[in-house]
Structures are given as structure tokens and as C-alpha cells.
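Asker: Once you've had a glance at the structure underneath, I'll fire off some questions.
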Amino acid sequence: MKFRLSLIFIIAATLFAQNPNISGVWKADLSKSKMNGPAPSLYLVIIDQQGPKVTQIIGVKGGHGEQRQSLVYSTEGKPVTGSWRGLPMRSEAKWQDGALVVDAKVAGLHPMAIREKYTLSSDGQVLTVSSVTTANGKDMEQTLVLEKQPDSAGDALRKPEETAGARFKNVEILKDLPSSQFIDAMRSFSMSLGVDCEHCHVQNDFASDNKPAKGMARKMLIMTHGINDQTFGGKMEVRCYTCHRGQVEPQSRPAF
């Protein structure tokens, strides 16, 4: 009996040693990081690791203001379905040689595969996130060097985000959404209809109502919200993609 208990403690200690806890508030050292596209003015992450569940809130500030994103991973070996910038994402996470490795697939008109590796320094003060994004047959590499911050540094990310109605002009249906979720919703609409922003918006004047497609989009939002509220108890079961499936005109009948 004592031998069994000792063996259990040894195994548990070994697993703990291999799987560090990466919880905390982390801020990117932009001078040491290698990012795709223009570097933001601030990149802040709050990570909470509870057993096999790892959640993170990412806050990025740049030329277009603040953008937030929430992600959830599980190291239990089961895929987790979520969203990445408004697009459907399925991820699988595991511990490998003391590092957290996440493999994710992002669905849409231009599918992507993302592999991230989280490596914690021996002193627990630096978290390096190396990633490779594969899209259209091309690989894009990125390295984030995150430095540990006091817990109070994450207070800004813990506060409610500015709403879409407060941040943007002429928002009607989705005005109560956090502004980041509003932008994600726009990306989802674009993907669902296979169009760009200018299909509904006047270029450089997104508040304008001059394009009829914008008015139709509002009517469709009211319709889908009504269906979901009345039929599915408020769950988002019916979306733009339900009928459009990447085409401007919804496919109400089978193709000949």
C-alpha cells in the first residue's frame, strides 16, 4: 500500500514538473517580439490555467483602437469549439516537453491552420509564444515575448469593454455588443455572404446608410434574432451562414 501511494506521488510530481502553470498577466515586449503586420502599441494577455482548462483574454491596442479576444483551450484531448476573430475555430491542446502546444483550425472561405507553442522560462517570468499560421498554402510565423506583470496590470482588461454604440456611429441592432464582438460579427457577416465590407458600407464612411444592402442586413438581423428568441430560447442557432453559405443570395432551393 505504501509503495502504491509513493508511486502515485512520484507520478503526480513528475507531471506537475513537466506542466508548468502559465497563469498570470503578461505584456508583450514589442522590441523582442516578431509580429505579422504593424506592431500594436500594447499587447496584454491574462491567462488562467485551472487543471486542463486554459483561458486567456487578449487585449491589443493599435491604430484602430482596442481589440479584445477570449480563447479557451483544454488539454484533456477533446477538441474545443470557439471563435477566432468572428470565425469558427476548433482547437486541440496538449502538453509536450513542458510546453503547451495548441493546434487550431479556422473555418471560412479561406480556411487556416494555426499552431502555437507556449514556453515558460525557468524563472517563470517570460512566456514565449511561437506560432505558425498556414493559409492559402503559405506559412506566416510570429513570436511573442511576454513578460510577467503584477496582477493589477490586468485591471483594464477585466473592466467591461466599450460598447459598439458608444464607439461607432450609426449602430442600431448591435449597439449593446462590446465593440470587439461587434467587429467579429462584421467579419462573420462578410464570410457568410462571401463579400467584403464595401458590399454594405460606403468606403471610408461606414456610418452612411446610402447602400441598400446595409438596410437589408439590418432586416435580416431582426429576422434571425426573432427566430432564435422565439424558437431556440435565445441560442444563436440560425445565422447568416445558415442560408447564405458563402453566397450573396441565400440558397432556398437545391441547385439543378
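Order determines the names: the first chain of the C-alpha cells is A, the second B, and so forth; residues in each chain are numbered 1 upward, and ligands are numbered 1 upward as they are shown.
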Report as number ranges by chain all protein, DNA and RNA residues lying within 9 Å of Thr55 of chain A, evaluated on only C-alpha atoms, omitting residues in the same chain fewer than 6 positions from it.
Answerer: A: 46-49, 70-74
Asker: Could you name the residues that touch Ala107 of chain A at 10 Å or less, counting only C-alpha atoms, but leaving out those on the same chain fewer than 3 positions away, as a PyMOL selection string?
Answerer: chain A and resi 83-84+87-90+104+110-113+191
Asker: Can you list, as a list of chain:residue names, every protein, DNA or RNA residue that comes within 8 Å of Leu42 of chain A when you count only C-alpha atoms, leaving out same-chain residues fewer than 2 positions away?
Answerer: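 Using only C-alpha atoms, the neighbours found are A:Lys27, A:Ala28, A:Pro40, A:Leu44, A:Gly59, A:Val60, A:Lys61, A:Gly62.
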Asker: Give me a file of those residues, with C-alpha atoms, as a PDB file, in the first residue's frame.
Answerer:
```pdb
ATOM      1  CA  LYS A  27       2.675  42.028 -21.508  1.00  0.00           C
ATOM      2  CA  ALA A  28       4.488  41.715 -24.842  1.00  0.00           C
ATOM      3  CA  PRO A  40       0.493  47.376 -31.826  1.00  0.00           C
ATOM      4  CA  LEU A  44      -1.674  42.400 -22.945  1.00  0.00           C
ATOM      5  CA  GLY A  59      -6.153  42.941 -25.398  1.00  0.00           C
ATOM      6  CA  VAL A  60      -4.446  44.692 -28.295  1.00  0.00           C
ATOM      7  CA  LYS A  61      -4.242  48.443 -28.834  1.00  0.00           C
ATOM      8  CA  GLY A  62      -3.205  49.896 -32.167  1.00  0.00           C
TER       9      GLY A  62
END
```
Asker: Could you list, as a VMD selection string, every residue within 10 Å of Leu157 of chain A, counting only C-alpha atoms and ignoring same-chain residues fewer than 2 positions away?
Answerer: chain A and resid 25 44 to 46 57 to 60 68 153 to 155 159 to 161
Asker: Residues at most 12 Å from Leu193 of chain A, counting only C-alpha atoms, excluding those fewer than 4 positions away in the same chain, as a list in words?
Answerer: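 Near neighbours after the sequence-gap exclusion: Gly108, Leu109, Met186, Arg187, Ser188, Phe189, Cys197, His199, Cys200, Ala213, Ala217, Arg239, Cys240, Tyr241, Thr242, Cys243, His244, Arg245, Gly246, Gln247, Val248, Glu249, Pro250 and Gln251 of chain A.
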Asker: May I have the residues from that selection written out with N, CA and C atoms, as a short mmCIF file (atom, residue, chain, number, x, y, z; two decimals), in the first residue's frame?
Answerer:
```
data_model
loop_
_atom_site.label_atom_id
_atom_site.label_comp_id
_atom_site.auth_asym_id
_atom_site.auth_seq_id
_atom_site.Cartn_x
_atom_site.Cartn_y
_atom_site.Cartn_z
N GLY A 108 -14.02 28.88 -42.80
CA GLY A 108 -14.43 30.07 -43.54
C GLY A 108 -14.12 29.92 -45.01
N LEU A 109 -14.25 31.00 -45.74
CA LEU A 109 -13.97 30.96 -47.17
C LEU A 109 -12.49 30.73 -47.44
N MET A 186 -19.07 41.57 -37.77
CA MET A 186 -18.92 42.05 -39.14
C MET A 186 -18.11 41.07 -39.98
N ARG A 187 -17.06 40.50 -39.39
CA ARG A 187 -16.24 39.51 -40.10
C ARG A 187 -17.07 38.27 -40.42
N SER A 188 -17.93 37.88 -39.47
CA SER A 188 -18.78 36.72 -39.69
C SER A 188 -19.76 36.97 -40.84
N PHE A 189 -20.34 38.18 -40.90
CA PHE A 189 -21.26 38.51 -41.99
C PHE A 189 -20.54 38.44 -43.34
N CYS A 197 -16.31 44.35 -46.98
CA CYS A 197 -17.06 45.35 -46.20
C CYS A 197 -17.86 46.29 -47.09
N HIS A 199 -19.58 45.80 -49.57
CA HIS A 199 -20.87 45.31 -50.06
C HIS A 199 -22.02 46.04 -49.36
N CYS A 200 -21.85 46.31 -48.07
CA CYS A 200 -22.89 47.00 -47.30
C CYS A 200 -22.51 48.44 -46.95
N ALA A 213 -27.97 47.52 -49.32
CA ALA A 213 -27.59 46.25 -48.68
C ALA A 213 -27.46 46.41 -47.17
N ALA A 217 -29.40 44.18 -44.45
CA ALA A 217 -28.68 43.44 -43.41
C ALA A 217 -29.33 43.66 -42.05
N ARG A 239 -28.05 31.60 -38.23
CA ARG A 239 -27.12 32.68 -38.51
C ARG A 239 -27.18 33.02 -40.00
N CYS A 240 -26.42 34.03 -40.39
CA CYS A 240 -26.36 34.38 -41.81
C CYS A 240 -25.93 33.18 -42.66
N TYR A 241 -24.95 32.44 -42.13
CA TYR A 241 -24.39 31.32 -42.89
C TYR A 241 -25.41 30.20 -43.07
N THR A 242 -26.42 30.12 -42.20
CA THR A 242 -27.42 29.06 -42.30
C THR A 242 -28.04 29.01 -43.68
N CYS A 243 -28.30 30.17 -44.26
CA CYS A 243 -28.93 30.22 -45.58
C CYS A 243 -27.97 30.64 -46.70
N HIS A 244 -27.06 31.54 -46.40
CA HIS A 244 -26.20 32.10 -47.46
C HIS A 244 -25.06 31.16 -47.85
N ARG A 245 -24.40 30.56 -46.87
CA ARG A 245 -23.33 29.60 -47.13
C ARG A 245 -22.28 30.12 -48.12
N GLY A 246 -21.85 31.36 -47.87
CA GLY A 246 -20.78 31.94 -48.68
C GLY A 246 -21.23 32.59 -49.97
N GLN A 247 -22.54 32.79 -50.14
CA GLN A 247 -23.06 33.40 -51.36
C GLN A 247 -23.96 34.59 -51.01
N VAL A 248 -23.99 35.57 -51.88
CA VAL A 248 -24.78 36.78 -51.63
C VAL A 248 -26.26 36.43 -51.53
N GLU A 249 -26.75 35.64 -52.49
CA GLU A 249 -28.16 35.24 -52.50
C GLU A 249 -28.33 33.94 -51.73
N PRO A 250 -29.24 33.90 -50.75
CA PRO A 250 -29.43 32.66 -50.00
C PRO A 250 -29.95 31.56 -50.90
N GLN A 251 -29.53 30.34 -50.63
CA GLN A 251 -29.92 29.19 -51.44
C GLN A 251 -31.16 28.54 -50.84
#
```
Asker: I need the alpha helix (DSSP H) residues of segment 28-232 of chain A per DSSP on the backbone, written as a PyMOL selection string.
Answerer: chain A and resi 155-158+164-167+179-193+212-231
Asker: Any idea what the distance is between atom CA of Leu100 of chain A and atom CA of Gln142 of chain A?
Answerer: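 Interatomic distance here is 16.1 Å.
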Asker: To one decimal in Å, tell me the separation between atom CA of Ile222 of chain A and atom CA of Val80 of chain A.
Answerer: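 Atom CA of Ile222 of chain A sits 29.5 Å away from atom CA of Val80 of chain A.
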Asker: Would you list the contacts of segment 118-134 of chain A as a VMD selection string, taking every protein, DNA or RNA residue within 9 Å and counting only C-alpha atoms, but skipping same-chain residues closer than 2 positions in sequence?
Answerer: chain A and resid 20 to 22 26 33 98 to 102 111 to 116 136 to 149
Asker: Next, the residues of the selection above should be written as a PDB file, in the first residue's frame with C-alpha atoms.
Answerer:
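That gives us result.pdb:
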```
ATOM      1  CA  PRO A  20       4.153  24.499 -15.580  1.00  0.00           C
ATOM      2  CA  ASN A  21       1.359  26.866 -14.682  1.00  0.00           C
ATOM      3  CA  ILE A  22       1.313  29.782 -17.128  1.00  0.00           C
ATOM      4  CA  TRP A  26       1.559  39.077 -19.420  1.00  0.00           C
ATOM      5  CA  SER A  33       8.714  40.111 -30.435  1.00  0.00           C
ATOM      6  CA  GLY A  98       6.959  21.123 -20.755  1.00  0.00           C
ATOM      7  CA  ALA A  99       5.353  23.450 -23.320  1.00  0.00           C
ATOM      8  CA  LEU A 100       1.688  23.982 -24.161  1.00  0.00           C
ATOM      9  CA  VAL A 101       1.036  23.210 -27.822  1.00  0.00           C
ATOM     10  CA  VAL A 102      -2.238  24.277 -29.446  1.00  0.00           C
ATOM     11  CA  PRO A 111      -9.538  28.199 -44.003  1.00  0.00           C
ATOM     12  CA  MET A 112      -6.476  28.489 -41.798  1.00  0.00           C
ATOM     13  CA  ALA A 113      -4.442  26.215 -39.567  1.00  0.00           C
ATOM     14  CA  ILE A 114      -2.697  27.711 -36.532  1.00  0.00           C
ATOM     15  CA  ARG A 115      -0.101  26.028 -34.321  1.00  0.00           C
ATOM     16  CA  GLU A 116       1.002  27.813 -31.155  1.00  0.00           C
ATOM     17  CA  ASN A 136      -3.554  29.664 -48.931  1.00  0.00           C
ATOM     18  CA  GLY A 137      -0.550  27.358 -48.905  1.00  0.00           C
ATOM     19  CA  LYS A 138       1.687  29.895 -47.170  1.00  0.00           C
ATOM     20  CA  ASP A 139       3.160  29.895 -43.663  1.00  0.00           C
ATOM     21  CA  MET A 140       3.339  33.021 -41.528  1.00  0.00           C
ATOM     22  CA  GLU A 141       5.480  32.879 -38.409  1.00  0.00           C
ATOM     23  CA  GLN A 142       5.154  35.025 -35.318  1.00  0.00           C
ATOM     24  CA  THR A 143       6.927  35.141 -31.963  1.00  0.00           C
ATOM     25  CA  LEU A 144       5.581  36.923 -28.910  1.00  0.00           C
ATOM     26  CA  VAL A 145       7.868  37.512 -25.938  1.00  0.00           C
ATOM     27  CA  LEU A 146       5.588  38.096 -22.956  1.00  0.00           C
ATOM     28  CA  GLU A 147       6.866  39.363 -19.622  1.00  0.00           C
ATOM     29  CA  LYS A 148       5.127  38.693 -16.300  1.00  0.00           C
ATOM     30  CA  GLN A 149       3.276  41.682 -14.842  1.00  0.00           C
TER      31      GLN A 149
END
```
Asker: Please give the complete set of residues from segment 30-200 of chain A that DSSP, run on the backbone, assigns to strand (DSSP E or B), formatted as a VMD selection string.
Answerer: chain A and resid 34 42 to 50 53 to 62 65 to 74 80 to 84 87 to 96 99 to 106 112 to 120 126 to 135 138 to 149 163 178
Asker: What does the distance from atom CA of Asn19 of chain A to atom CA of Gln69 of chain A come to in Å, to one decimal?
Answerer: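 Computed distance, atom CA of Asn19 of chain A to atom CA of Gln69 of chain A, equals 24.7 Å.
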Asker: Using only C-alpha atoms, which of A:Ala255, A:Ala39, A:Leu221, A:Ala93 sits nearest Leu174 of chain A?
Answerer: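 Residue with the minimum atom-to-atom distance to Leu174 of chain A: A:Leu221.
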Asker: Just checking: using only C-alpha atoms, which residue out of A:Asp29, A:Gly226, A:Pro150, A:Val106 ends up closest to Arg85 of chain A?
Answerer: A:Val106
Asker: Nearest to Ser180 of chain A: which of A:Ser23, A:Ser252, A:Thr81, A:Thr163 is it, counting only C-alpha atoms?
Answerer: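 Smallest distance to Ser180 of chain A is found for A:Thr163.
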